[in-house]
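So this block is run29.cif, mmCIF, C-alpha atoms:
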```cif
data_coords
#
loop_
_atom_site.label_atom_id
_atom_site.label_comp_id
_atom_site.auth_asym_id
_atom_site.auth_seq_id
_atom_site.Cartn_x
_atom_site.Cartn_y
_atom_site.Cartn_z
CA MET T 5 0.00 0.00 0.00
CA SER T 6 1.35 3.40 -0.96
CA LYS T 7 1.87 6.13 1.60
CA ARG T 8 -1.04 8.15 0.19
CA ASN T 9 -3.41 5.17 0.37
CA SER T 10 -2.35 4.39 3.89
CA LYS T 11 -3.16 7.96 4.99
CA LYS T 12 -6.55 7.78 3.26
CA HIS T 13 -7.30 4.48 4.98
CA GLU T 14 -6.29 5.91 8.30
CA GLU T 15 -8.63 8.85 7.84
CA LYS T 16 -11.50 6.55 6.81
CA THR T 17 -11.04 4.45 9.92
CA LYS T 18 -10.97 7.58 12.03
CA VAL T 19 -14.23 8.85 10.50
CA ALA T 20 -15.88 5.43 10.85
CA LYS T 21 -14.86 5.26 14.48
CA TRP T 22 -16.09 8.81 15.06
CA ARG T 23 -19.48 7.98 13.43
CA LYS T 24 -19.92 4.95 15.67
CA ASP T 25 -19.42 7.11 18.75
CA VAL T 26 -22.87 8.61 19.29
CA LYS T 27 -21.59 11.17 21.73
CA ALA T 28 -18.82 12.35 19.43
CA ILE T 29 -20.75 15.34 18.08
CA ASP T 30 -21.70 16.43 21.59
CA LYS T 31 -18.08 16.08 22.64
CA PHE T 32 -16.99 18.06 19.60
CA LYS T 33 -19.50 20.79 20.43
CA PHE T 34 -18.65 20.85 24.13
CA ILE T 35 -14.92 21.21 23.62
CA HIS T 36 -15.59 24.50 21.83
CA HIS T 37 -16.89 25.96 25.04
CA PHE T 38 -13.19 26.12 25.94
CA LEU T 39 -11.41 26.14 22.56
CA PRO T 40 -11.85 28.36 19.49
CA HIS T 41 -13.90 27.02 16.57
CA PRO T 42 -11.72 26.42 13.45
CA GLU T 43 -14.65 26.49 10.98
CA LYS T 44 -16.71 29.29 12.49
CA LYS T 45 -13.53 31.27 13.21
CA GLU T 46 -14.86 32.12 16.66
CA ARG T 47 -13.48 32.21 20.16
CA ALA T 48 -14.49 29.61 22.76
CA LYS T 49 -18.14 29.88 23.81
CA PHE T 50 -17.09 30.80 27.35
CA LEU T 51 -15.40 33.86 25.83
CA SER T 52 -18.41 34.95 23.78
CA PHE T 53 -20.22 38.26 24.31
CA LYS T 54 -23.07 36.40 25.97
CA SER T 55 -20.71 34.74 28.44
CA PHE T 56 -19.07 38.08 29.30
CA GLY T 57 -22.56 39.49 29.85
CA ILE T 58 -23.21 36.65 32.30
CA TYR T 59 -19.88 37.22 34.12
CA ILE T 60 -20.65 40.93 34.52
CA PHE T 61 -24.20 40.16 35.68
CA LEU T 62 -22.79 37.68 38.24
CA ILE T 63 -20.48 40.31 39.72
CA VAL T 64 -23.21 42.98 39.81
CA PHE T 65 -25.58 40.44 41.38
CA LEU T 66 -23.00 39.65 44.06
CA MET T 67 -22.56 43.35 44.84
CA GLY T 68 -26.33 43.75 45.02
CA LEU T 69 -26.55 40.77 47.34
CA PHE T 70 -23.95 42.33 49.66
CA ARG T 71 -26.10 45.47 49.77
CA ILE T 72 -29.52 43.82 50.19
CA LEU T 73 -28.66 40.86 52.44
CA PRO T 74 -27.63 42.96 55.48
CA THR T 75 -31.01 44.73 55.37
CA LEU T 76 -32.99 41.49 55.06
CA LEU T 77 -30.87 39.40 57.42
CA PRO T 78 -28.77 41.69 59.63
CA GLY T 79 -25.59 40.06 60.90
CA VAL T 80 -25.51 37.27 58.33
CA LEU T 81 -22.48 38.85 56.66
CA GLY T 82 -19.40 39.85 58.57
CA TYR T 83 -15.69 39.87 59.31
CA ALA T 84 -14.07 37.64 61.91
CA SER T 85 -11.57 39.44 64.13
CA ASN T 86 -9.08 38.98 66.90
CA ILE T 87 -7.84 42.45 67.83
CA ASN T 88 -6.76 43.62 71.25
CA VAL T 89 -5.72 46.93 72.80
CA THR T 90 -2.42 45.73 74.28
CA ASP T 91 -1.15 44.64 70.85
CA LEU T 92 -2.38 47.86 69.24
CA LEU T 93 -0.50 49.91 71.84
CA THR T 94 2.69 47.82 71.50
CA ASP T 95 2.63 47.98 67.68
CA THR T 96 1.93 51.74 67.69
CA ASN T 97 4.83 52.41 70.03
CA GLN T 98 7.12 50.11 68.06
CA MET T 99 6.48 52.24 64.97
CA ARG T 100 7.20 55.43 66.94
CA GLU T 101 10.38 54.00 68.39
CA LYS T 102 11.59 53.11 64.89
CA ASP T 103 11.21 56.81 64.10
CA ARG T 104 13.03 57.72 67.32
CA LEU T 105 9.90 59.19 68.87
CA GLU T 106 8.76 58.92 72.45
CA PRO T 107 6.30 56.08 73.06
CA LEU T 108 2.70 57.08 73.72
CA VAL T 109 1.23 56.54 77.16
CA PHE T 110 -2.07 54.69 77.41
CA ASN T 111 -4.77 57.05 78.69
CA GLU T 112 -8.09 55.94 80.13
CA ALA T 113 -10.02 59.15 79.32
CA LEU T 114 -8.95 58.97 75.65
CA SER T 115 -9.97 55.30 75.59
CA LYS T 116 -13.40 56.18 76.99
CA ALA T 117 -13.74 58.87 74.31
CA ALA T 118 -12.73 56.30 71.66
CA TYR T 119 -15.32 53.88 73.02
CA GLN T 120 -18.05 56.53 72.96
CA LYS T 121 -17.11 57.33 69.36
CA ALA T 122 -17.31 53.64 68.35
CA MET T 123 -20.68 53.23 70.09
CA ASP T 124 -21.96 56.40 68.40
CA MET T 125 -20.94 54.97 65.00
CA PHE T 126 -22.82 51.73 65.67
CA GLU T 127 -25.89 53.49 67.10
CA ASP T 128 -26.20 56.06 64.28
CA ASP T 129 -24.88 53.62 61.67
CA TYR T 130 -22.13 55.77 60.14
CA TRP T 131 -18.45 55.39 59.25
CA SER T 132 -16.84 58.81 59.40
CA HIS T 133 -14.76 61.16 61.53
CA VAL T 134 -17.74 63.51 61.74
CA ALA T 135 -21.11 62.13 62.93
CA PRO T 136 -24.31 62.81 60.92
CA ASP T 137 -25.39 65.17 63.75
CA GLY T 138 -22.13 67.14 63.31
CA LYS T 139 -20.36 65.69 66.37
CA GLU T 140 -16.57 65.72 65.86
CA PRO T 141 -13.86 63.59 67.53
CA TRP T 142 -12.95 66.52 69.80
CA ASP T 143 -16.48 66.52 71.25
CA PHE T 144 -16.00 62.96 72.50
CA ILE T 145 -12.58 63.83 73.97
CA LEU T 146 -13.87 66.95 75.74
CA ALA T 147 -16.88 65.01 77.05
CA GLU T 148 -14.42 62.84 79.00
CA ASN T 149 -12.91 66.02 80.56
CA TYR T 150 -9.66 65.61 78.65
CA ASP T 151 -8.41 69.17 78.12
CA TYR T 152 -5.96 69.07 75.22
CA THR T 153 -3.64 71.21 73.15
CA TYR T 154 -3.32 68.61 70.37
CA ALA T 155 -5.66 65.75 69.50
CA GLY T 156 -6.23 63.33 66.64
CA GLU T 157 -8.22 60.26 65.60
CA ASN T 158 -7.59 57.16 63.47
CA LEU T 159 -10.34 54.70 62.53
CA ALA T 160 -10.27 51.14 61.19
CA LYS T 161 -12.83 48.42 60.46
CA ASN T 162 -13.07 44.87 59.07
CA PHE T 163 -9.55 43.90 60.21
CA SER T 164 -8.81 40.50 61.70
CA ALA T 165 -5.46 41.16 63.43
CA SER T 166 -4.02 44.03 65.51
CA SER T 167 -0.76 44.12 63.52
CA ASP T 168 -2.68 44.55 60.24
CA VAL T 169 -4.49 47.59 61.66
CA VAL T 170 -1.27 49.40 62.61
CA LYS T 171 0.38 48.34 59.33
CA ALA T 172 -2.54 49.79 57.34
CA TRP T 173 -2.38 53.07 59.28
CA MET T 174 1.35 53.26 58.57
CA GLU T 175 0.74 52.75 54.83
CA SER T 176 -1.80 55.57 54.65
CA PRO T 177 -0.04 59.01 54.67
CA SER T 178 -2.61 60.88 56.82
CA HIS T 179 -2.88 58.08 59.43
CA ARG T 180 0.89 57.66 59.49
CA GLU T 181 1.19 61.39 60.22
CA ASN T 182 -1.05 60.93 63.28
CA LEU T 183 0.80 57.84 64.44
CA LEU T 184 4.21 59.51 64.18
CA ASN T 185 3.18 62.96 65.40
CA ARG T 186 5.64 64.19 68.05
CA ASN T 187 3.00 66.50 69.57
CA TYR T 188 0.98 63.58 70.88
CA LYS T 189 1.91 62.22 74.28
CA GLU T 190 -1.00 59.93 75.08
CA VAL T 191 -3.24 57.48 73.27
CA GLY T 192 -6.51 55.67 73.87
CA PHE T 193 -8.08 52.75 72.02
CA ALA T 194 -11.49 51.15 71.64
CA VAL T 195 -12.07 47.81 69.93
CA VAL T 196 -15.79 47.28 69.63
CA ASN T 197 -17.75 44.53 67.94
CA GLY T 198 -21.12 45.36 66.42
CA THR T 199 -23.22 45.63 63.28
CA LEU T 200 -22.51 48.50 60.89
CA GLY T 201 -24.64 48.84 57.77
CA GLY T 202 -26.09 45.40 58.53
CA ILE T 203 -22.66 43.74 58.44
CA GLU T 204 -21.04 42.39 61.59
CA THR T 205 -17.68 43.99 62.10
CA THR T 206 -15.06 45.21 64.58
CA LEU T 207 -14.43 48.93 64.81
CA VAL T 208 -11.08 50.18 66.05
CA VAL T 209 -10.87 53.78 67.26
CA GLN T 210 -7.52 55.28 68.16
CA MET T 211 -7.47 58.72 69.82
CA PHE T 212 -4.33 60.76 70.38
CA GLY T 213 -3.80 63.72 72.66
CA GLN T 214 -1.50 66.03 74.51
CA PRO T 215 -3.02 67.38 77.75
CA ARG T 216 -2.96 71.14 78.19
CA ASP T 217 -1.36 70.59 81.56
CA LEU T 218 1.65 68.35 80.90
CA THR T 219 1.80 67.32 84.54
CA MET T 220 -1.49 65.51 83.90
CA ILE T 221 0.16 62.91 81.63
CA THR T 222 -0.73 59.43 82.88
CA SER T 223 1.89 57.92 85.15
CA LYS T 224 3.45 54.55 84.33
CA GLU T 225 1.65 52.98 87.33
CA SER T 226 -1.76 54.22 86.24
CA GLU T 227 -1.05 53.05 82.70
CA ASN T 228 -0.09 49.55 83.86
CA LYS T 229 -3.15 49.40 86.11
CA ALA T 230 -5.49 50.38 83.25
CA LEU T 231 -3.87 47.93 80.85
CA LYS T 232 -4.07 45.14 83.41
CA GLU T 233 -7.74 45.89 83.92
CA ILE T 234 -8.36 45.65 80.19
CA SER T 235 -6.61 42.30 79.83
CA THR T 236 -8.59 40.88 82.77
CA GLN T 237 -11.77 42.10 81.19
CA ALA T 238 -10.79 40.66 77.84
CA VAL T 239 -10.44 37.18 79.30
CA SER T 240 -13.67 37.28 81.29
CA THR T 241 -15.75 38.60 78.36
CA VAL T 242 -17.82 40.90 80.54
CA ASN T 243 -19.98 43.97 80.39
CA THR T 244 -18.59 46.38 77.86
CA LYS T 245 -19.97 49.47 79.57
CA VAL T 246 -17.55 49.34 82.51
CA LEU T 247 -14.38 49.98 80.56
CA PRO T 248 -13.85 51.38 77.08
CA GLN T 249 -12.31 48.29 75.57
CA VAL T 250 -14.51 45.48 74.46
CA LEU T 251 -13.78 41.79 74.42
CA PRO T 252 -11.26 40.91 71.74
CA GLU T 253 -12.93 37.56 71.21
CA THR T 254 -12.70 35.60 67.98
CA LYS T 255 -16.11 35.76 66.35
CA VAL T 256 -17.37 33.04 64.12
CA VAL T 257 -19.48 34.71 61.46
CA PRO T 258 -21.59 32.76 59.00
CA ILE T 259 -20.44 34.37 55.74
CA ASN T 260 -17.24 36.32 55.42
CA VAL T 261 -17.76 39.12 52.87
CA ASP T 262 -14.04 39.54 52.32
CA ASN T 263 -13.55 35.88 51.38
CA ILE T 264 -16.49 35.71 48.96
CA SER T 265 -15.50 38.78 46.96
CA THR T 266 -11.88 37.59 46.81
CA TYR T 267 -12.64 33.99 45.81
CA VAL T 268 -15.26 34.92 43.21
CA SER T 269 -13.09 37.53 41.51
CA LEU T 270 -9.92 35.44 41.54
CA THR T 271 -11.68 32.28 40.28
CA LEU T 272 -13.42 34.16 37.48
CA LEU T 273 -10.22 35.96 36.49
CA GLY T 274 -8.17 32.77 36.53
CA PHE T 275 -10.78 30.96 34.42
CA ILE T 276 -10.94 33.69 31.77
CA LEU T 277 -7.17 34.16 31.70
CA GLY T 278 -6.80 30.41 31.15
CA LEU T 279 -9.33 30.51 28.29
CA PHE T 280 -7.52 33.40 26.60
CA ALA T 281 -4.19 31.55 26.95
CA LEU T 282 -5.80 28.42 25.42
CA ASP T 283 -7.26 30.56 22.63
CA MET T 284 -3.83 31.97 21.73
CA TRP T 285 -2.14 28.56 21.78
CA TYR T 286 -4.89 26.69 19.88
CA SER T 287 -5.40 29.43 17.27
CA SER T 288 -1.68 29.65 16.54
CA ARG T 289 -1.38 25.84 16.32
CA HIS T 290 -4.37 25.43 13.98
CA GLN T 291 -3.79 28.68 12.09
CA ILE T 292 -7.23 30.03 13.05
CA ILE T 293 -7.60 33.66 12.02
CA LYS T 294 -10.55 35.25 13.81
CA LEU T 295 -12.18 38.60 13.14
CA THR T 296 -12.05 39.68 16.77
CA GLY T 297 -10.11 42.04 19.02
CA HIS T 298 -6.56 41.14 20.06
CA THR T 299 -6.54 38.15 22.41
CA PHE T 300 -2.99 39.03 23.47
CA ALA T 301 -4.10 42.54 24.56
CA HIS T 302 -7.07 41.10 26.49
CA PHE T 303 -4.77 38.58 28.17
CA VAL T 304 -2.31 41.32 29.20
CA VAL T 305 -5.03 43.61 30.52
CA LEU T 306 -6.63 40.83 32.58
CA LEU T 307 -3.21 39.90 33.95
CA VAL T 308 -2.86 43.53 35.04
CA VAL T 309 -6.31 43.31 36.68
CA LEU T 310 -5.09 40.22 38.57
CA VAL T 311 -2.12 42.20 39.93
CA GLY T 312 -4.52 45.10 40.64
CA VAL T 313 -6.83 42.81 42.64
CA TRP T 314 -3.81 41.65 44.63
CA PHE T 315 -2.89 45.31 45.31
CA VAL T 316 -6.33 46.35 46.47
CA LEU T 317 -6.87 43.23 48.55
CA LYS T 318 -6.37 44.78 51.94
CA PRO T 319 -7.04 43.26 55.34
CA GLY T 320 -9.51 46.04 56.26
CA ILE T 321 -10.49 49.68 55.78
CA VAL T 322 -8.94 52.69 57.48
CA LEU T 323 -10.32 56.21 57.77
CA MET H 1 4.58 38.37 21.21
CA ARG H 2 4.22 38.12 17.45
CA TYR H 3 1.72 40.99 17.64
CA LEU H 4 4.41 43.19 19.14
CA GLU H 5 6.77 42.53 16.27
CA GLU H 6 4.27 42.71 13.46
CA ASN H 7 1.72 45.29 14.54
CA HIS H 8 1.89 48.80 15.88
CA ILE H 9 4.71 48.65 18.36
CA ILE H 10 3.90 52.21 19.45
CA ASP H 11 0.29 51.20 20.20
CA TYR H 12 1.49 48.38 22.43
CA PHE H 13 4.07 50.59 24.08
CA LEU H 14 1.24 53.03 24.93
CA LEU H 15 -0.89 50.18 26.26
CA PHE H 16 1.89 48.87 28.53
CA PHE H 17 2.74 52.37 29.69
CA GLY H 18 -0.92 53.16 30.47
CA LEU H 19 -1.41 49.88 32.32
CA GLY H 20 1.81 50.50 34.28
CA VAL H 21 0.56 53.94 35.38
CA PHE H 22 -2.80 52.37 36.28
CA LEU H 23 -1.13 49.74 38.49
CA PHE H 24 1.14 52.32 40.12
CA LEU H 25 -1.81 54.59 41.02
CA LEU H 26 -3.84 51.65 42.28
CA TYR H 27 -0.98 50.62 44.57
CA VAL H 28 -0.34 54.13 45.89
CA PHE H 29 -4.00 54.89 46.66
CA LYS H 30 -5.09 51.41 47.73
CA TYR H 31 -6.34 52.68 51.11
CA ASN H 32 -8.54 55.34 49.53
CA THR H 33 -11.68 53.50 48.39
CA THR H 34 -13.19 56.35 46.34
CA LEU H 35 -9.95 57.14 44.56
CA SER H 36 -9.29 53.42 43.88
CA LEU H 37 -12.71 53.20 42.23
CA PHE H 38 -11.97 56.23 40.04
CA ILE H 39 -8.57 54.78 39.10
CA SER H 40 -10.24 51.48 38.11
CA LEU H 41 -12.81 53.37 36.05
CA GLY H 42 -10.00 55.33 34.38
CA GLY H 43 -8.08 52.11 33.63
CA SER H 44 -11.16 50.48 32.08
CA LEU H 45 -11.96 53.52 29.94
CA PHE H 46 -8.32 53.71 28.84
CA TYR H 47 -8.40 50.09 27.64
CA MET H 48 -11.71 50.53 25.78
CA LEU H 49 -10.37 53.65 24.07
CA TRP H 50 -7.04 51.99 23.27
CA GLY H 51 -8.79 49.02 21.65
CA ILE H 52 -11.09 51.18 19.54
CA VAL H 53 -8.33 53.56 18.38
CA HIS H 54 -5.93 50.68 17.70
CA HIS H 55 -8.45 48.83 15.52
CA ALA H 56 -9.44 52.07 13.79
CA LEU H 57 -5.76 52.60 12.90
CA GLU H 58 -5.60 49.00 11.65
CA LYS H 59 -8.66 49.84 9.54
CA ARG H 60 -10.65 46.93 10.87
CA LEU H 61 -12.99 48.52 13.36
CA HIS H 62 -16.37 46.76 13.46
CA ARG H 63 -19.33 47.05 15.79
CA GLU H 64 -18.45 43.62 17.29
CA ILE H 65 -14.91 44.74 18.08
CA VAL H 66 -16.18 47.91 19.80
CA LEU H 67 -18.61 45.78 21.84
CA GLU H 68 -15.81 43.33 22.71
CA TYR H 69 -13.56 46.07 24.15
CA ILE H 70 -16.50 47.63 26.00
CA LEU H 71 -17.38 44.25 27.57
CA ILE H 72 -13.78 43.58 28.64
CA GLY H 73 -13.55 47.12 30.08
CA VAL H 74 -16.81 46.77 32.03
CA PHE H 75 -15.77 43.33 33.27
CA MET H 76 -12.43 44.78 34.42
CA PHE H 77 -14.15 47.61 36.33
CA ALA H 78 -16.81 45.35 37.89
CA LEU H 79 -14.20 42.89 39.11
CA LEU H 80 -12.00 45.54 40.69
CA SER H 81 -15.01 47.32 42.23
CA VAL H 82 -16.24 44.24 44.08
CA VAL H 83 -12.80 43.78 45.66
CA ILE H 84 -12.32 47.50 46.42
CA ILE H 85 -15.75 48.01 48.00
CA TYR H 86 -15.96 44.77 49.99
#
```

Spell out the structure here as structure tokens.
Amino acid sequence: MSKRNSKKHEEKTKVAKWRKDVKAIDKFKFIHHFLPHPEKKERAKFLSFKSFGIYIFLIVFLMGLFRILPTLLPGVLGYASNINVTDLLTDTNQMREKDRLEPLVFNEALSKAAYQKAMDMFEDDYWSHVAPDGKEPWDFILAENYDYTYAGENLAKNFSASSDVVKAWMESPSHRENLLNRNYKEVGFAVVNGTLGGIETTLVVQMFGQPRDLTMITSKESENKALKEISTQAVSTVNTKVLPQVLPETKVVPINVDNISTYVSLTLLGFILGLFALDMWYSSRHQIIKLTGHTFAHFVVLLVVLVGVWFVLKPGIVL
Amino acid sequence: MRYLEENHIIDYFLLFFGLGVFLFLLYVFKYNTTLSLFISLGGSLFYMLWGIVHHALEKRLHREIVLEYILIGVFMFALLSVVIIY
């Protein structure tokens, strides 16, 4: 048998075998959900306009769900956290020491002011330095009879660890300025769990100050006493009204918002990037010329989005 | 990579430069939610515009191609928004 005849025979056998396989056409059709179509000169079905419409709808639906769900079922979404005042104080002072600044002294009045601010945010359901009724951070500080020459406030929410909170403040220029301000001598913290905008979260309020009368700066003994009291309270998980700091317990929340948005976006991105890579490889191998936009450009831009997602993935929000 | 050699090297240089600026801004302002959203919107619009102008220069701009770049741009913005906001 000549070489040509042998090839013809081989092809015939292949076709005969393919015809016998009843699911062959379905298989052939299904594979083009992932691979470009050589005859139709089209991209994979999962990269069609319709599919992209579905992906966009899915993301918008998810965002809508995050908005509606807290109103329908308050507390069903949330962020698990394990933050405590002692670690926040240690980390803050470590950052100041690195900058050769004096460590801040823990002050009970500032902590009470921070607690009142956190409670006010939960009660009036806002996330801002200025309350909807116009109350400013200074009003909370003055309400605790802390007469100051300098004062400041840092806020954080949705964090799971104390070190991440301080790290995030250090990475934000305005918060860093507060943290490393040499005019501040004392600091107070409040770590309060609650529901904000229908989502369970932990609010961290940090208040800085320099008393008008410098002789009023908290002594080391008073500081140690207050810190000891907080740690005792933290272990016993008691009434939050007694002292400004609230139990730094580890909450188990049903659905973690942070995880869902991250997993959905990364899975979707990975899937589409993979399909575009397959498209480039398969089209070049089978010489498929399609009348579409540049797959290479789409691949590059989605790769950039992947890096962008990694950049904006932060452990919480600071204000 | 063949595209880079054969087609519009300046166009691709502009694309890479624009995407580099986009990533830089996103990194610098990652703790500012509103600004991050505006940067993402800017990045998406830049890509849509780049695609349309590039294909117009190649003289093969069709309605489907415009729609394709718009869909990729919207997808890009939606994806970044969900991570930035939540």

When the PyMOL selection byres ((chain T) within 7 of (chain H)) is applied to the structure above, which residues does it catch, written out as an mmCIF file with C-alpha atoms, keeping the file's coordinate frame?
```cif
data_model
loop_
_atom_site.group_PDB
_atom_site.id
_atom_site.type_symbol
_atom_site.label_atom_id
_atom_site.label_comp_id
_atom_site.auth_asym_id
_atom_site.auth_seq_id
_atom_site.Cartn_x
_atom_site.Cartn_y
_atom_site.Cartn_z
ATOM 1 C CA PHE T 53 -20.220 38.260 24.310
ATOM 2 C CA PHE T 56 -19.070 38.080 29.300
ATOM 3 C CA ILE T 60 -20.650 40.930 34.520
ATOM 4 C CA ILE T 63 -20.480 40.310 39.720
ATOM 5 C CA MET T 67 -22.560 43.350 44.840
ATOM 6 C CA SER T 176 -1.800 55.570 54.650
ATOM 7 C CA VAL T 261 -17.760 39.120 52.870
ATOM 8 C CA ASP T 262 -14.040 39.540 52.320
ATOM 9 C CA SER T 265 -15.500 38.780 46.960
ATOM 10 C CA THR T 266 -11.880 37.590 46.810
ATOM 11 C CA SER T 269 -13.090 37.530 41.510
ATOM 12 C CA THR T 296 -12.050 39.680 16.770
ATOM 13 C CA GLY T 297 -10.110 42.040 19.020
ATOM 14 C CA VAL T 309 -6.310 43.310 36.680
ATOM 15 C CA GLY T 312 -4.520 45.100 40.640
ATOM 16 C CA VAL T 313 -6.830 42.810 42.640
ATOM 17 C CA PHE T 315 -2.890 45.310 45.310
ATOM 18 C CA VAL T 316 -6.330 46.350 46.470
ATOM 19 C CA LEU T 317 -6.870 43.230 48.550
ATOM 20 C CA ILE T 321 -10.490 49.680 55.780
ATOM 21 C CA VAL T 322 -8.940 52.690 57.480
#
```

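When the PyMOL selection byres ((chain T and resi 205-207) around 8) is evaluated on the file shown here, the picked residues come out as T:Gly82, T:Tyr83, T:Ala84, T:Ser85, T:Ala122, T:Leu159, T:Ala160, T:Lys161, T:Asn162, T:Phe163, T:Ala194, T:Val195, T:Val196, T:Asn197, T:Gly198, T:Thr199, T:Leu200, T:Ile203, T:Glu204, T:Val208, T:Val209.
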
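Here CA of Glu190 (chain T) stands at a distance of 17.3 Å from CA of Trp173 (chain T).
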
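Here CA of Val89 (chain T) is placed at a distance of 9.7 Å from CA of Phe110 (chain T).
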
Expected file content for region 20-26 of chain H, all heavy atoms, as a PDB file, in the first residue's frame:
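Final output, result14.pdb:
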```pdb
ATOM      1  N   GLY H  20       0.805  50.330  33.212  1.00  0.00           N
ATOM      2  CA  GLY H  20       1.812  50.503  34.275  1.00  0.00           C
ATOM      3  C   GLY H  20       1.414  51.656  35.188  1.00  0.00           C
ATOM      4  O   GLY H  20       1.453  51.525  36.422  1.00  0.00           O
ATOM      5  N   VAL H  21       0.995  52.771  34.601  1.00  0.00           N
ATOM      6  CA  VAL H  21       0.560  53.943  35.382  1.00  0.00           C
ATOM      7  C   VAL H  21      -0.661  53.562  36.223  1.00  0.00           C
ATOM      8  O   VAL H  21      -0.755  53.889  37.410  1.00  0.00           O
ATOM      9  CB  VAL H  21       0.235  55.147  34.451  1.00  0.00           C
ATOM     10  CG1 VAL H  21      -0.425  56.286  35.218  1.00  0.00           C
ATOM     11  CG2 VAL H  21       1.501  55.634  33.754  1.00  0.00           C
ATOM     12  N   PHE H  22      -1.573  52.815  35.596  1.00  0.00           N
ATOM     13  CA  PHE H  22      -2.802  52.372  36.276  1.00  0.00           C
ATOM     14  C   PHE H  22      -2.453  51.541  37.529  1.00  0.00           C
ATOM     15  O   PHE H  22      -2.984  51.791  38.613  1.00  0.00           O
ATOM     16  CB  PHE H  22      -3.633  51.555  35.277  1.00  0.00           C
ATOM     17  CG  PHE H  22      -4.690  50.695  35.888  1.00  0.00           C
ATOM     18  CD1 PHE H  22      -5.816  51.254  36.463  1.00  0.00           C
ATOM     19  CD2 PHE H  22      -4.571  49.305  35.876  1.00  0.00           C
ATOM     20  CE1 PHE H  22      -6.796  50.450  37.033  1.00  0.00           C
ATOM     21  CE2 PHE H  22      -5.539  48.505  36.423  1.00  0.00           C
ATOM     22  CZ  PHE H  22      -6.655  49.076  37.013  1.00  0.00           C
ATOM     23  N   LEU H  23      -1.523  50.591  37.359  1.00  0.00           N
ATOM     24  CA  LEU H  23      -1.132  49.744  38.493  1.00  0.00           C
ATOM     25  C   LEU H  23      -0.446  50.561  39.583  1.00  0.00           C
ATOM     26  O   LEU H  23      -0.695  50.347  40.772  1.00  0.00           O
ATOM     27  CB  LEU H  23      -0.185  48.643  38.023  1.00  0.00           C
ATOM     28  CG  LEU H  23      -0.824  47.357  37.539  1.00  0.00           C
ATOM     29  CD1 LEU H  23       0.235  46.333  37.203  1.00  0.00           C
ATOM     30  CD2 LEU H  23      -1.763  46.770  38.582  1.00  0.00           C
ATOM     31  N   PHE H  24       0.407  51.485  39.166  1.00  0.00           N
ATOM     32  CA  PHE H  24       1.135  52.324  40.125  1.00  0.00           C
ATOM     33  C   PHE H  24       0.144  53.129  40.973  1.00  0.00           C
ATOM     34  O   PHE H  24       0.239  53.156  42.195  1.00  0.00           O
ATOM     35  CB  PHE H  24       2.113  53.242  39.373  1.00  0.00           C
ATOM     36  CG  PHE H  24       2.779  54.259  40.250  1.00  0.00           C
ATOM     37  CD1 PHE H  24       3.804  53.869  41.116  1.00  0.00           C
ATOM     38  CD2 PHE H  24       2.392  55.590  40.244  1.00  0.00           C
ATOM     39  CE1 PHE H  24       4.417  54.796  41.945  1.00  0.00           C
ATOM     40  CE2 PHE H  24       2.994  56.527  41.072  1.00  0.00           C
ATOM     41  CZ  PHE H  24       4.017  56.128  41.926  1.00  0.00           C
ATOM     42  N   LEU H  25      -0.818  53.774  40.300  1.00  0.00           N
ATOM     43  CA  LEU H  25      -1.806  54.593  41.016  1.00  0.00           C
ATOM     44  C   LEU H  25      -2.658  53.744  41.953  1.00  0.00           C
ATOM     45  O   LEU H  25      -2.958  54.131  43.079  1.00  0.00           O
ATOM     46  CB  LEU H  25      -2.704  55.338  40.024  1.00  0.00           C
ATOM     47  CG  LEU H  25      -2.029  56.446  39.209  1.00  0.00           C
ATOM     48  CD1 LEU H  25      -2.996  57.018  38.180  1.00  0.00           C
ATOM     49  CD2 LEU H  25      -1.541  57.573  40.120  1.00  0.00           C
ATOM     50  N   LEU H  26      -3.019  52.558  41.468  1.00  0.00           N
ATOM     51  CA  LEU H  26      -3.841  51.653  42.281  1.00  0.00           C
ATOM     52  C   LEU H  26      -3.094  51.241  43.551  1.00  0.00           C
ATOM     53  O   LEU H  26      -3.686  51.146  44.630  1.00  0.00           O
ATOM     54  CB  LEU H  26      -4.191  50.416  41.443  1.00  0.00           C
ATOM     55  CG  LEU H  26      -5.488  49.707  41.773  1.00  0.00           C
ATOM     56  CD1 LEU H  26      -6.676  50.632  41.652  1.00  0.00           C
ATOM     57  CD2 LEU H  26      -5.690  48.508  40.857  1.00  0.00           C
TER      58      LEU H  26
END
```
